[in-house]
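Okay, my_file_8.cif is below, mmCIF, C-alpha atoms and all ligand atoms:
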data_run
#
loop_
_atom_site.label_atom_id
_atom_site.label_comp_id
_atom_site.auth_asym_id
_atom_site.auth_seq_id
_atom_site.Cartn_x
_atom_site.Cartn_y
_atom_site.Cartn_z
CA MET E 1 -49.51 -57.88 98.86
CA THR E 2 -52.37 -58.78 96.51
CA VAL E 3 -51.56 -61.73 94.31
CA MET E 4 -52.61 -62.34 90.71
CA ASN E 5 -52.43 -65.16 88.18
CA GLY E 6 -50.05 -64.89 85.25
CA VAL E 7 -48.41 -66.92 82.52
CA ARG E 8 -44.75 -67.42 81.71
CA LEU E 9 -43.41 -69.21 78.65
CA PRO E 10 -40.19 -71.04 79.57
CA GLY E 11 -39.81 -72.48 76.03
CA ASP E 12 -40.12 -75.99 74.67
CA SER E 13 -43.88 -75.43 74.02
CA THR E 14 -44.59 -75.12 77.73
CA VAL E 15 -46.95 -72.75 79.53
CA GLN E 16 -46.20 -72.04 83.18
CA HIS E 17 -48.99 -70.71 85.40
CA VAL E 18 -47.60 -68.52 88.17
CA LYS E 19 -48.85 -66.36 91.00
CA VAL E 20 -47.14 -62.99 91.33
CA GLY E 21 -47.79 -59.78 93.23
CA VAL E 22 -50.00 -57.11 91.70
CA PRO E 23 -47.60 -54.26 90.88
CA GLU E 24 -48.05 -50.68 92.00
CA PRO E 25 -47.71 -47.86 89.48
CA GLY E 26 -44.58 -45.77 89.85
CA HIS E 27 -43.97 -42.31 88.44
CA GLY E 28 -45.67 -41.83 85.06
CA GLN E 29 -47.09 -45.35 85.14
CA VAL E 30 -50.60 -46.79 85.17
CA LEU E 31 -51.99 -50.10 86.39
CA LEU E 32 -54.36 -51.79 83.95
CA ARG E 33 -56.89 -54.53 84.56
CA MET E 34 -56.31 -56.78 81.56
CA LYS E 35 -59.33 -57.32 79.34
CA ALA E 36 -57.70 -58.91 76.28
CA SER E 37 -54.18 -60.09 75.48
CA SER E 38 -53.67 -61.63 72.06
CA ILE E 39 -50.98 -64.01 70.88
CA CYS E 40 -48.63 -62.89 68.13
CA GLY E 41 -46.77 -64.96 65.55
CA SER E 42 -43.53 -63.91 67.18
CA ASP E 43 -44.71 -65.25 70.55
CA ILE E 44 -45.28 -68.66 69.07
CA ARG E 45 -42.10 -68.76 67.03
CA ALA E 46 -39.58 -67.22 69.37
CA ILE E 47 -41.04 -67.39 72.84
CA TYR E 48 -43.27 -70.42 73.10
CA ARG E 49 -41.14 -72.86 71.11
CA GLU E 50 -37.62 -71.62 71.67
CA HIS E 51 -35.80 -68.75 73.24
CA LEU E 52 -33.56 -67.02 70.77
CA GLY E 53 -31.86 -65.16 73.59
CA THR E 54 -30.86 -62.31 71.31
CA GLY E 55 -32.46 -59.39 69.51
CA PRO E 56 -35.76 -57.72 70.26
CA GLU E 57 -37.42 -61.01 71.25
CA ALA E 58 -34.79 -61.93 73.84
CA TYR E 59 -37.14 -63.25 76.48
CA GLN E 60 -36.27 -62.42 80.07
CA GLY E 61 -38.58 -64.85 81.87
CA VAL E 62 -41.29 -62.23 82.38
CA ILE E 63 -45.09 -62.55 82.23
CA ALA E 64 -45.81 -63.18 78.54
CA GLY E 65 -48.08 -61.25 76.17
CA HIS E 66 -47.06 -58.20 74.16
CA GLU E 67 -50.48 -57.31 72.73
CA PRO E 68 -52.34 -56.06 75.80
CA CYS E 69 -55.55 -54.08 76.06
CA GLY E 70 -57.26 -53.14 79.31
CA GLN E 71 -58.80 -50.61 81.64
CA VAL E 72 -56.94 -48.20 83.90
CA VAL E 73 -57.54 -48.99 87.58
CA ALA E 74 -54.80 -46.90 89.21
CA VAL E 75 -52.42 -44.15 88.18
CA GLY E 76 -49.02 -43.37 89.63
CA PRO E 77 -47.67 -39.97 90.62
CA GLY E 78 -46.85 -37.80 87.61
CA ALA E 79 -49.43 -39.46 85.33
CA ARG E 80 -51.09 -36.54 83.59
CA ARG E 81 -53.49 -37.88 80.99
CA LEU E 82 -55.17 -41.10 82.04
CA GLN E 83 -57.53 -41.81 84.88
CA PRO E 84 -59.23 -44.88 86.35
CA GLY E 85 -61.92 -46.17 84.01
CA ASP E 86 -60.11 -45.26 80.77
CA ARG E 87 -59.96 -48.04 78.18
CA VAL E 88 -56.53 -48.27 76.57
CA VAL E 89 -54.46 -50.14 74.02
CA VAL E 90 -50.85 -50.62 75.08
CA HIS E 91 -48.10 -50.10 72.54
CA HIS E 92 -45.90 -53.09 73.21
CA ILE E 93 -42.55 -51.34 73.40
CA ALA E 94 -41.38 -48.68 75.78
CA GLY E 95 -38.29 -47.02 74.30
CA CYS E 96 -35.68 -44.92 76.06
CA GLY E 97 -37.69 -41.84 75.10
CA VAL E 98 -34.73 -39.68 74.16
CA CYS E 99 -32.98 -41.27 71.14
CA GLU E 100 -33.64 -40.15 67.56
CA GLU E 101 -36.06 -43.02 66.88
CA CYS E 102 -38.05 -42.52 70.07
CA ARG E 103 -38.30 -38.78 69.51
CA ALA E 104 -39.58 -39.42 65.98
CA GLY E 105 -42.30 -41.63 67.48
CA TYR E 106 -40.73 -44.92 66.37
CA LEU E 107 -40.17 -46.60 69.75
CA ILE E 108 -39.87 -49.83 67.79
CA GLY E 109 -36.58 -48.66 66.33
CA CYS E 110 -35.04 -47.78 69.70
CA THR E 111 -31.85 -49.72 70.31
CA SER E 112 -31.05 -48.35 73.77
CA PRO E 113 -30.50 -50.94 76.53
CA LEU E 114 -33.40 -49.17 78.27
CA ARG E 115 -35.83 -50.29 75.56
CA ALA E 116 -38.21 -52.96 76.87
CA ALA E 117 -41.12 -54.75 75.25
CA HIS E 118 -44.02 -56.12 77.25
CA GLY E 119 -43.96 -59.89 77.29
CA TRP E 120 -40.28 -60.06 76.33
CA GLN E 121 -38.23 -57.86 78.66
CA ARG E 122 -40.95 -56.51 80.97
CA ASP E 123 -44.14 -58.11 82.21
CA GLY E 124 -46.83 -58.51 79.56
CA GLY E 125 -50.57 -58.91 79.28
CA HIS E 126 -51.08 -62.59 80.07
CA ALA E 127 -52.03 -61.80 83.68
CA GLU E 128 -54.86 -60.12 85.56
CA TYR E 129 -53.05 -56.78 85.77
CA LEU E 130 -50.36 -55.00 83.78
CA LEU E 131 -48.06 -52.16 84.73
CA ALA E 132 -47.61 -49.82 81.74
CA GLU E 133 -46.07 -46.43 81.01
CA GLU E 134 -48.76 -43.81 80.59
CA ALA E 135 -46.89 -42.59 77.48
CA THR E 136 -47.30 -45.95 75.71
CA CYS E 137 -51.06 -46.19 76.31
CA ILE E 138 -53.47 -45.13 73.58
CA LEU E 139 -57.12 -44.40 74.38
CA LEU E 140 -59.41 -46.99 72.80
CA PRO E 141 -62.34 -45.38 70.95
CA GLU E 142 -65.74 -46.62 72.15
CA PRO E 143 -66.82 -48.56 69.04
CA LEU E 144 -63.77 -50.81 69.39
CA SER E 145 -63.84 -53.78 71.75
CA TYR E 146 -60.95 -54.81 74.00
CA VAL E 147 -60.20 -57.68 71.63
CA ASP E 148 -60.04 -55.21 68.73
CA GLY E 149 -57.66 -53.14 70.82
CA ALA E 150 -55.36 -56.07 71.57
CA LEU E 151 -55.15 -57.01 67.91
CA VAL E 152 -54.50 -53.42 66.89
CA SER E 153 -51.69 -52.87 69.39
CA CYS E 154 -48.97 -54.81 67.59
CA GLY E 155 -50.25 -56.00 64.18
CA PHE E 156 -51.77 -52.74 63.00
CA GLY E 157 -49.13 -50.61 64.70
CA THR E 158 -46.39 -52.52 62.94
CA ALA E 159 -48.05 -52.15 59.53
CA TYR E 160 -48.78 -48.48 60.19
CA GLU E 161 -45.17 -47.71 60.98
CA GLY E 162 -44.09 -49.35 57.72
CA LEU E 163 -46.58 -47.25 55.74
CA LEU E 164 -45.60 -44.05 57.56
CA ARG E 165 -41.96 -44.66 56.76
CA LEU E 166 -42.98 -45.10 53.11
CA ALA E 167 -44.85 -41.77 53.30
CA LEU E 168 -47.72 -43.52 51.53
CA SER E 169 -50.41 -41.33 50.02
CA GLY E 170 -53.11 -41.23 47.34
CA ARG E 171 -50.40 -40.80 44.71
CA ASP E 172 -49.16 -44.32 45.20
CA ARG E 173 -49.90 -47.78 43.91
CA LEU E 174 -49.19 -50.16 46.78
CA LEU E 175 -47.85 -53.72 46.62
CA ILE E 176 -48.21 -55.95 49.68
CA THR E 177 -46.57 -59.38 49.79
CA GLY E 178 -48.16 -61.61 52.41
CA LEU E 179 -51.76 -61.35 53.60
CA GLY E 180 -51.54 -62.57 57.17
CA PRO E 181 -52.88 -60.26 59.89
CA VAL E 182 -50.09 -57.70 59.32
CA GLY E 183 -50.58 -57.74 55.54
CA LEU E 184 -54.35 -57.35 55.89
CA ALA E 185 -53.76 -54.47 58.29
CA ALA E 186 -51.38 -52.86 55.78
CA ALA E 187 -54.08 -53.16 53.10
CA MET E 188 -56.75 -51.67 55.38
CA LEU E 189 -54.49 -48.78 56.44
CA GLY E 190 -53.25 -48.30 52.86
CA ARG E 191 -56.86 -47.85 51.76
CA ALA E 192 -57.48 -45.36 54.56
CA LEU E 193 -54.38 -43.41 53.48
CA GLY E 194 -55.80 -43.23 49.97
CA ALA E 195 -53.31 -45.46 48.12
CA GLY E 196 -54.47 -47.40 45.13
CA PRO E 197 -54.76 -49.60 43.39
CA ILE E 198 -53.60 -52.01 46.06
CA ILE E 199 -52.07 -55.22 44.76
CA ALA E 200 -51.36 -58.08 47.18
CA THR E 201 -49.81 -61.53 46.89
CA ASP E 202 -50.05 -64.63 49.05
CA VAL E 203 -49.54 -68.36 48.63
CA ALA E 204 -52.84 -69.22 50.35
CA PRO E 205 -55.95 -68.91 48.14
CA GLU E 206 -58.22 -68.40 51.16
CA ARG E 207 -56.22 -65.35 52.27
CA LEU E 208 -56.39 -63.86 48.78
CA ARG E 209 -60.13 -64.49 48.74
CA MET E 210 -60.66 -62.92 52.17
CA ALA E 211 -58.75 -59.76 51.22
CA GLU E 212 -60.84 -59.42 48.07
CA GLU E 213 -64.13 -60.13 49.81
CA LEU E 214 -63.36 -57.52 52.47
CA GLY E 215 -62.61 -55.03 49.70
CA LEU E 216 -59.11 -54.41 51.07
CA VAL E 217 -57.23 -55.06 47.84
CA ASP E 218 -57.94 -54.31 44.19
CA HIS E 219 -55.94 -57.24 42.86
CA ALA E 220 -55.20 -60.45 44.78
CA VAL E 221 -52.36 -62.22 42.99
CA PRO E 222 -51.23 -65.79 43.75
CA ALA E 223 -47.60 -65.77 44.90
CA ASP E 224 -46.34 -68.15 42.24
CA GLU E 225 -43.77 -67.92 39.47
CA ARG E 226 -46.17 -65.80 37.40
CA ALA E 227 -46.66 -63.16 40.12
CA THR E 228 -44.14 -60.65 38.77
CA ALA E 229 -45.55 -60.87 35.23
CA THR E 230 -49.08 -60.34 36.57
CA ILE E 231 -48.04 -57.33 38.66
CA ARG E 232 -46.26 -55.83 35.63
CA GLU E 233 -49.39 -56.34 33.57
CA LEU E 234 -51.61 -54.71 36.20
CA THR E 235 -49.33 -51.67 36.38
CA ASP E 236 -48.62 -51.16 32.66
CA GLY E 237 -45.12 -52.46 33.21
CA ARG E 238 -44.28 -49.79 35.80
CA GLY E 239 -44.56 -51.63 39.10
CA CYS E 240 -45.86 -50.03 42.30
CA ALA E 241 -44.67 -46.78 43.83
CA ALA E 242 -44.50 -48.33 47.28
CA SER E 243 -44.20 -51.93 48.41
CA ILE E 244 -44.21 -53.62 51.77
CA ASP E 245 -43.33 -57.21 52.60
CA CYS E 246 -45.52 -58.64 55.34
CA SER E 247 -44.64 -62.29 54.77
CA GLY E 248 -41.12 -62.71 56.10
CA SER E 249 -40.56 -65.13 53.22
CA GLY E 250 -37.28 -64.93 51.33
CA ALA E 251 -39.05 -65.36 47.99
CA ALA E 252 -41.46 -62.49 48.71
CA ARG E 253 -38.59 -60.26 49.70
CA THR E 254 -37.23 -60.53 46.18
CA VAL E 255 -40.67 -59.95 44.63
CA THR E 256 -41.21 -56.76 46.63
CA PRO E 257 -38.27 -54.63 45.44
CA GLY E 258 -38.45 -56.28 42.01
CA ASN E 259 -41.89 -54.82 41.47
CA THR E 260 -41.35 -51.44 43.02
CA ARG E 261 -41.45 -48.64 40.53
CA THR E 262 -38.36 -46.78 39.37
CA TRP E 263 -38.41 -43.42 37.65
CA SER E 264 -35.93 -42.91 34.82
CA GLY E 265 -34.22 -46.06 36.03
CA ALA E 266 -33.04 -44.30 39.18
CA PRO E 267 -32.76 -46.89 41.93
CA SER E 268 -32.93 -44.17 44.56
CA SER E 269 -36.61 -43.77 43.73
CA VAL E 270 -37.43 -47.17 45.14
CA ARG E 271 -39.44 -47.14 48.36
CA THR E 272 -39.86 -50.41 50.16
CA ALA E 273 -40.52 -51.48 53.70
CA ARG E 274 -39.27 -54.89 54.60
CA SER E 275 -41.26 -57.41 56.48
CA PRO E 276 -42.75 -55.58 59.43
CA SER E 277 -43.80 -58.88 60.91
CA ARG E 278 -40.15 -59.85 61.27
CA SER E 279 -38.64 -56.48 61.95
CA PRO E 280 -37.51 -55.45 65.43
CA SER E 281 -41.05 -54.23 65.91
CA CYS E 282 -42.68 -57.52 66.48
ZN ZN C 301 -46.89 -58.89 68.00
ZN ZN C 302 -34.97 -44.72 72.29
#

Please express the file's structure as structure tokens.
Amino acid sequence: MTVMNGVRLPGDSTVQHVKVGVPEPGHGQVLLRMKASSICGSDIRAIYREHLGTGPEAYQGVIAGHEPCGQVVAVGPGARRLQPGDRVVVHHIAGCGVCEECRAGYLIGCTSPLRAAHGWQRDGGHAEYLLAEEATCILLPEPLSYVDGALVSCGFGTAYEGLLRLALSGRDRLLITGLGPVGLAAAMLGRALGAGPIIATDVAPERLRMAEELGLVDHAVPADERATATIRELTDGRGCAASIDCSGSGAARTVTPGNTRTWSGAPSSVRTARSPSRSPSC
């Protein structure tokens, strides 16, 4: 059996280098040569430092890394779309494939015991090769590098799901609380979906500045006690039609619904997506 190098994260801020066998693709699976495998905030918080043992991040001692991007080197029987040489991003979660969430395309929301995320419950990208389901691989367009692909796989995918669930469109003003990688991705995708103006808050001045300089937001608002008043002012007192919390901070989670627009005072009109960076997705 051919052997490869990999990394496990046993907790307590420890990295364990291991040698394991190179897997062979089974039915509907592909073997990828890893080209990039980025590190997510959830890896550092829940996998590297401590093992929560529960929930979506319940780590099963596998090869770490849930943001993989690589090149197909072998395909298993039944694989119908990919072939050796294809460059792919791997969506980090393989769902059961048959529940309501999976069938709607939201593998993230799958709660079946069969659901498994790379790097948490099945081997991830911090190794020379990765075994993936063909169905969870997305072809990487040529202008994007493997590093771009790795960063897109979880951070952008998470933000995109939140915006899809909000049914965001050009009709909507968008509020984003938190401008880390997921918040910046939400702003970029929100722009592409036509929303505007886009208002974003963060506690870090450099993040606000970066979002403005990149042209991703129309208004960068410091997340202080005056934030709600500023957002009201920017929206003629109406708030935003859609809001998404990308900070995971308790304070931001009260700002988000508090500044989401209501029509005729009907609370059912409120559309918010809560903290994709801390949802079961990531
Ligand atoms: Zn992630
Ligand atoms: Zn499912």

Applying 6 Å and all atoms listed in the file, which residues near Glu101 of chain E remain after dropping the ones on its own chain fewer than 5 positions away? List them as a list in words.
Tyr106, Gly109 and Cys110 of chain E

As a quick test: using all atoms listed in the file, which residues lie no more than 12 Å away from ligand ZN 301 (chain C)? Give them as a ChimeraX atom specification.
/E:37-47,56-57,64-68,90-93,108,117-120,124-125,150-159,181-182,276-282

Record the distance separating atom CA of Gln60 of chain E and atom CA of Pro113 of chain E, expressed in Å with one decimal.
13.3 Å

Find the residues of chain E that sit at most 10 Å from ligand ZN 302 (chain C); for each, write down the nearest two atoms and how far apart they are in Å, to one decimal. Count all atoms listed in the file. Sort by chain, then by number going up, and give it as JSON lines.
{"residue": "E:Ala94", "atom": "CA", "partner": "C:ZN302", "partner_atom": "ZN", "distance": 8.3}
{"residue": "E:Gly95", "atom": "CA", "partner": "C:ZN302", "partner_atom": "ZN", "distance": 4.5}
{"residue": "E:Cys96", "atom": "CA", "partner": "C:ZN302", "partner_atom": "ZN", "distance": 3.8}
{"residue": "E:Gly97", "atom": "CA", "partner": "C:ZN302", "partner_atom": "ZN", "distance": 4.9}
{"residue": "E:Val98", "atom": "CA", "partner": "C:ZN302", "partner_atom": "ZN", "distance": 5.4}
{"residue": "E:Cys99", "atom": "CA", "partner": "C:ZN302", "partner_atom": "ZN", "distance": 4.1}
{"residue": "E:Glu100", "atom": "CA", "partner": "C:ZN302", "partner_atom": "ZN", "distance": 6.7}
{"residue": "E:Glu101", "atom": "CA", "partner": "C:ZN302", "partner_atom": "ZN", "distance": 5.8}
{"residue": "E:Cys102", "atom": "CA", "partner": "C:ZN302", "partner_atom": "ZN", "distance": 4.4}
{"residue": "E:Arg103", "atom": "CA", "partner": "C:ZN302", "partner_atom": "ZN", "distance": 7.4}
{"residue": "E:Ala104", "atom": "CA", "partner": "C:ZN302", "partner_atom": "ZN", "distance": 9.4}
{"residue": "E:Gly105", "atom": "CA", "partner": "C:ZN302", "partner_atom": "ZN", "distance": 9.3}
{"residue": "E:Tyr106", "atom": "CA", "partner": "C:ZN302", "partner_atom": "ZN", "distance": 8.3}
{"residue": "E:Leu107", "atom": "CA", "partner": "C:ZN302", "partner_atom": "ZN", "distance": 6.1}
{"residue": "E:Ile108", "atom": "CA", "partner": "C:ZN302", "partner_atom": "ZN", "distance": 8.4}
{"residue": "E:Gly109", "atom": "CA", "partner": "C:ZN302", "partner_atom": "ZN", "distance": 7.3}
{"residue": "E:Cys110", "atom": "CA", "partner": "C:ZN302", "partner_atom": "ZN", "distance": 4.0}
{"residue": "E:Thr111", "atom": "CA", "partner": "C:ZN302", "partner_atom": "ZN", "distance": 6.2}
{"residue": "E:Ser112", "atom": "CA", "partner": "C:ZN302", "partner_atom": "ZN", "distance": 5.5}
{"residue": "E:Pro113", "atom": "CA", "partner": "C:ZN302", "partner_atom": "ZN", "distance": 8.8}
{"residue": "E:Leu114", "atom": "CA", "partner": "C:ZN302", "partner_atom": "ZN", "distance": 7.6}
{"residue": "E:Arg115", "atom": "CA", "partner": "C:ZN302", "partner_atom": "ZN", "distance": 6.5}
{"residue": "E:Ala116", "atom": "CA", "partner": "C:ZN302", "partner_atom": "ZN", "distance": 10.0}

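Computed from the coordinates, the atom CA of Asn5 of chain E to atom CA of Ile63 of chain E distance equals 9.8 Å.
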
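The smallest atom-to-atom distance between Val30 of chain E and any of E:Glu50, E:Glu233, E:Asp123, E:Glu133, using only C-alpha atoms, is found for E:Glu133.
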
So which residues touch Gly78 of chain E within 8 Å, counting only C-alpha atoms, skipping near sequence neighbours fewer than 3 positions away, as number ranges by chain?
E: 27-29

Take atom CA of Glu161 of chain E and atom CA of Ala186 of chain E and report the distance between them in Å, one decimal.
9.6 Å

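Distance annotation: of E:Thr2, E:Gln121, E:Thr14, E:Gln71, the residue with the minimal separation from Gly55 of chain E is E:Gln121; atom set is all atoms listed in the file.
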
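With all atoms listed in the file as the basis for measurement, E:Ala242 is the residue among E:Met210, E:Leu131, E:Ala242, E:Leu31 that approaches Gly190 of chain E most closely.
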
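Nearest to Leu234 of chain E of all the residues E:Leu52, E:Val89, E:Ile199, E:Ala58 is E:Ile199, counting only C-alpha atoms.
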
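If you measure from each of E:Leu175, E:Gly70, E:Ala132, E:Ala36 to Thr228 of chain E using all atoms listed in the file, the closest one turns out to be E:Leu175.
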
Residues near Val72 of chain E, anyone? I mean within 9 Å using all atoms listed in the file, not counting same-chain ones fewer than 6 positions away, as a list in words.
Val30, Leu31, Leu32, Arg33, Met34, Leu82, Gln83, Pro84, Gly85, Asp86, Arg87 and Val88 of chain E

Taking all atoms listed in the file into account, name the residue in E:Gly183, E:Gly250, E:Gly239, E:Pro143 that is nearest to Gly162 of chain E.
E:Gly183

Can you tell me, as an MDAnalysis selection string, what residues are no more than 7 Å from Val22 of chain E when counting all atoms listed in the file, ignoring any on the same chain fewer than 4 positions away?
chainID E and resid 2:4 129

Excluding Val255 of chain E and residues on its chain fewer than 5 positions from it, collect all residues at most 12 Å away from it, counting only C-alpha atoms, and give them as a VMD selection string.
chain E and resid 175 to 178 200 to 202 223 to 232 239 to 240 243 to 250 260 272 274

Restore N, CA and C atoms in segment 167-198 of chain E and list the result as a tab-separated table (two decimals), keeping the file's coordinate frame.
chain	number	residue	atom	x	y	z
E	167	ALA	N	-44.13	-43.02	53.61
E	167	ALA	CA	-44.85	-41.77	53.30
E	167	ALA	C	-45.93	-42.04	52.26
E	168	LEU	N	-46.69	-43.10	52.48
E	168	LEU	CA	-47.72	-43.52	51.53
E	168	LEU	C	-48.83	-42.48	51.42
E	169	SER	N	-49.31	-42.28	50.20
E	169	SER	CA	-50.41	-41.33	50.02
E	169	SER	C	-51.26	-41.76	48.81
E	170	GLY	N	-52.23	-40.96	48.47
E	170	GLY	CA	-53.11	-41.23	47.34
E	170	GLY	C	-52.40	-41.19	45.99
E	171	ARG	N	-51.15	-40.79	45.98
E	171	ARG	CA	-50.40	-40.80	44.71
E	171	ARG	C	-49.92	-42.19	44.35
E	172	ASP	N	-49.95	-43.10	45.33
E	172	ASP	CA	-49.16	-44.32	45.20
E	172	ASP	C	-49.98	-45.58	44.90
E	173	ARG	N	-49.45	-46.39	43.99
E	173	ARG	CA	-49.90	-47.78	43.91
E	173	ARG	C	-49.13	-48.53	45.00
E	174	LEU	N	-49.82	-49.45	45.66
E	174	LEU	CA	-49.19	-50.16	46.78
E	174	LEU	C	-49.16	-51.66	46.50
E	175	LEU	N	-47.98	-52.26	46.70
E	175	LEU	CA	-47.85	-53.72	46.62
E	175	LEU	C	-47.61	-54.27	48.02
E	176	ILE	N	-48.38	-55.29	48.38
E	176	ILE	CA	-48.21	-55.95	49.68
E	176	ILE	C	-47.92	-57.42	49.40
E	177	THR	N	-46.82	-57.94	49.92
E	177	THR	CA	-46.57	-59.38	49.79
E	177	THR	C	-46.83	-60.02	51.16
E	178	GLY	N	-47.78	-60.94	51.17
E	178	GLY	CA	-48.16	-61.61	52.41
E	178	GLY	C	-49.43	-61.02	52.97
E	179	LEU	N	-50.47	-61.83	53.10
E	179	LEU	CA	-51.76	-61.35	53.60
E	179	LEU	C	-52.16	-62.03	54.91
E	180	GLY	N	-51.20	-62.18	55.80
E	180	GLY	CA	-51.54	-62.57	57.17
E	180	GLY	C	-52.14	-61.35	57.86
E	181	PRO	N	-52.29	-61.40	59.18
E	181	PRO	CA	-52.88	-60.26	59.89
E	181	PRO	C	-52.16	-58.94	59.63
E	182	VAL	N	-50.82	-58.96	59.55
E	182	VAL	CA	-50.09	-57.70	59.32
E	182	VAL	C	-50.33	-57.20	57.89
E	183	GLY	N	-50.33	-58.13	56.92
E	183	GLY	CA	-50.58	-57.74	55.54
E	183	GLY	C	-51.99	-57.20	55.34
E	184	LEU	N	-52.96	-57.84	55.97
E	184	LEU	CA	-54.35	-57.35	55.89
E	184	LEU	C	-54.47	-55.96	56.53
E	185	ALA	N	-53.75	-55.79	57.65
E	185	ALA	CA	-53.76	-54.47	58.29
E	185	ALA	C	-53.13	-53.43	57.38
E	186	ALA	N	-52.04	-53.80	56.70
E	186	ALA	CA	-51.38	-52.86	55.78
E	186	ALA	C	-52.34	-52.47	54.66
E	187	ALA	N	-53.11	-53.44	54.18
E	187	ALA	CA	-54.08	-53.16	53.10
E	187	ALA	C	-55.17	-52.21	53.61
E	188	MET	N	-55.67	-52.49	54.81
E	188	MET	CA	-56.75	-51.67	55.38
E	188	MET	C	-56.25	-50.23	55.60
E	189	LEU	N	-55.05	-50.11	56.17
E	189	LEU	CA	-54.49	-48.78	56.44
E	189	LEU	C	-54.11	-48.09	55.14
E	190	GLY	N	-53.60	-48.87	54.16
E	190	GLY	CA	-53.25	-48.30	52.86
E	190	GLY	C	-54.47	-47.69	52.19
E	191	ARG	N	-55.59	-48.38	52.28
E	191	ARG	CA	-56.86	-47.85	51.76
E	191	ARG	C	-57.21	-46.54	52.44
E	192	ALA	N	-57.11	-46.55	53.79
E	192	ALA	CA	-57.48	-45.36	54.56
E	192	ALA	C	-56.57	-44.18	54.22
E	193	LEU	N	-55.31	-44.48	53.84
E	193	LEU	CA	-54.38	-43.41	53.48
E	193	LEU	C	-54.55	-42.98	52.03
E	194	GLY	N	-55.46	-43.65	51.32
E	194	GLY	CA	-55.80	-43.23	49.97
E	194	GLY	C	-55.03	-43.90	48.85
E	195	ALA	N	-54.11	-44.82	49.17
E	195	ALA	CA	-53.31	-45.46	48.12
E	195	ALA	C	-54.18	-46.33	47.23
E	196	GLY	N	-53.74	-46.50	46.00
E	196	GLY	CA	-54.47	-47.40	45.13
E	196	GLY	C	-53.97	-47.33	43.70
E	197	PRO	N	-54.19	-48.35	42.91
E	197	PRO	CA	-54.76	-49.60	43.39
E	197	PRO	C	-53.81	-50.33	44.33
E	198	ILE	N	-54.39	-51.19	45.15
E	198	ILE	CA	-53.60	-52.01	46.06
E	198	ILE	C	-53.53	-53.43	45.49
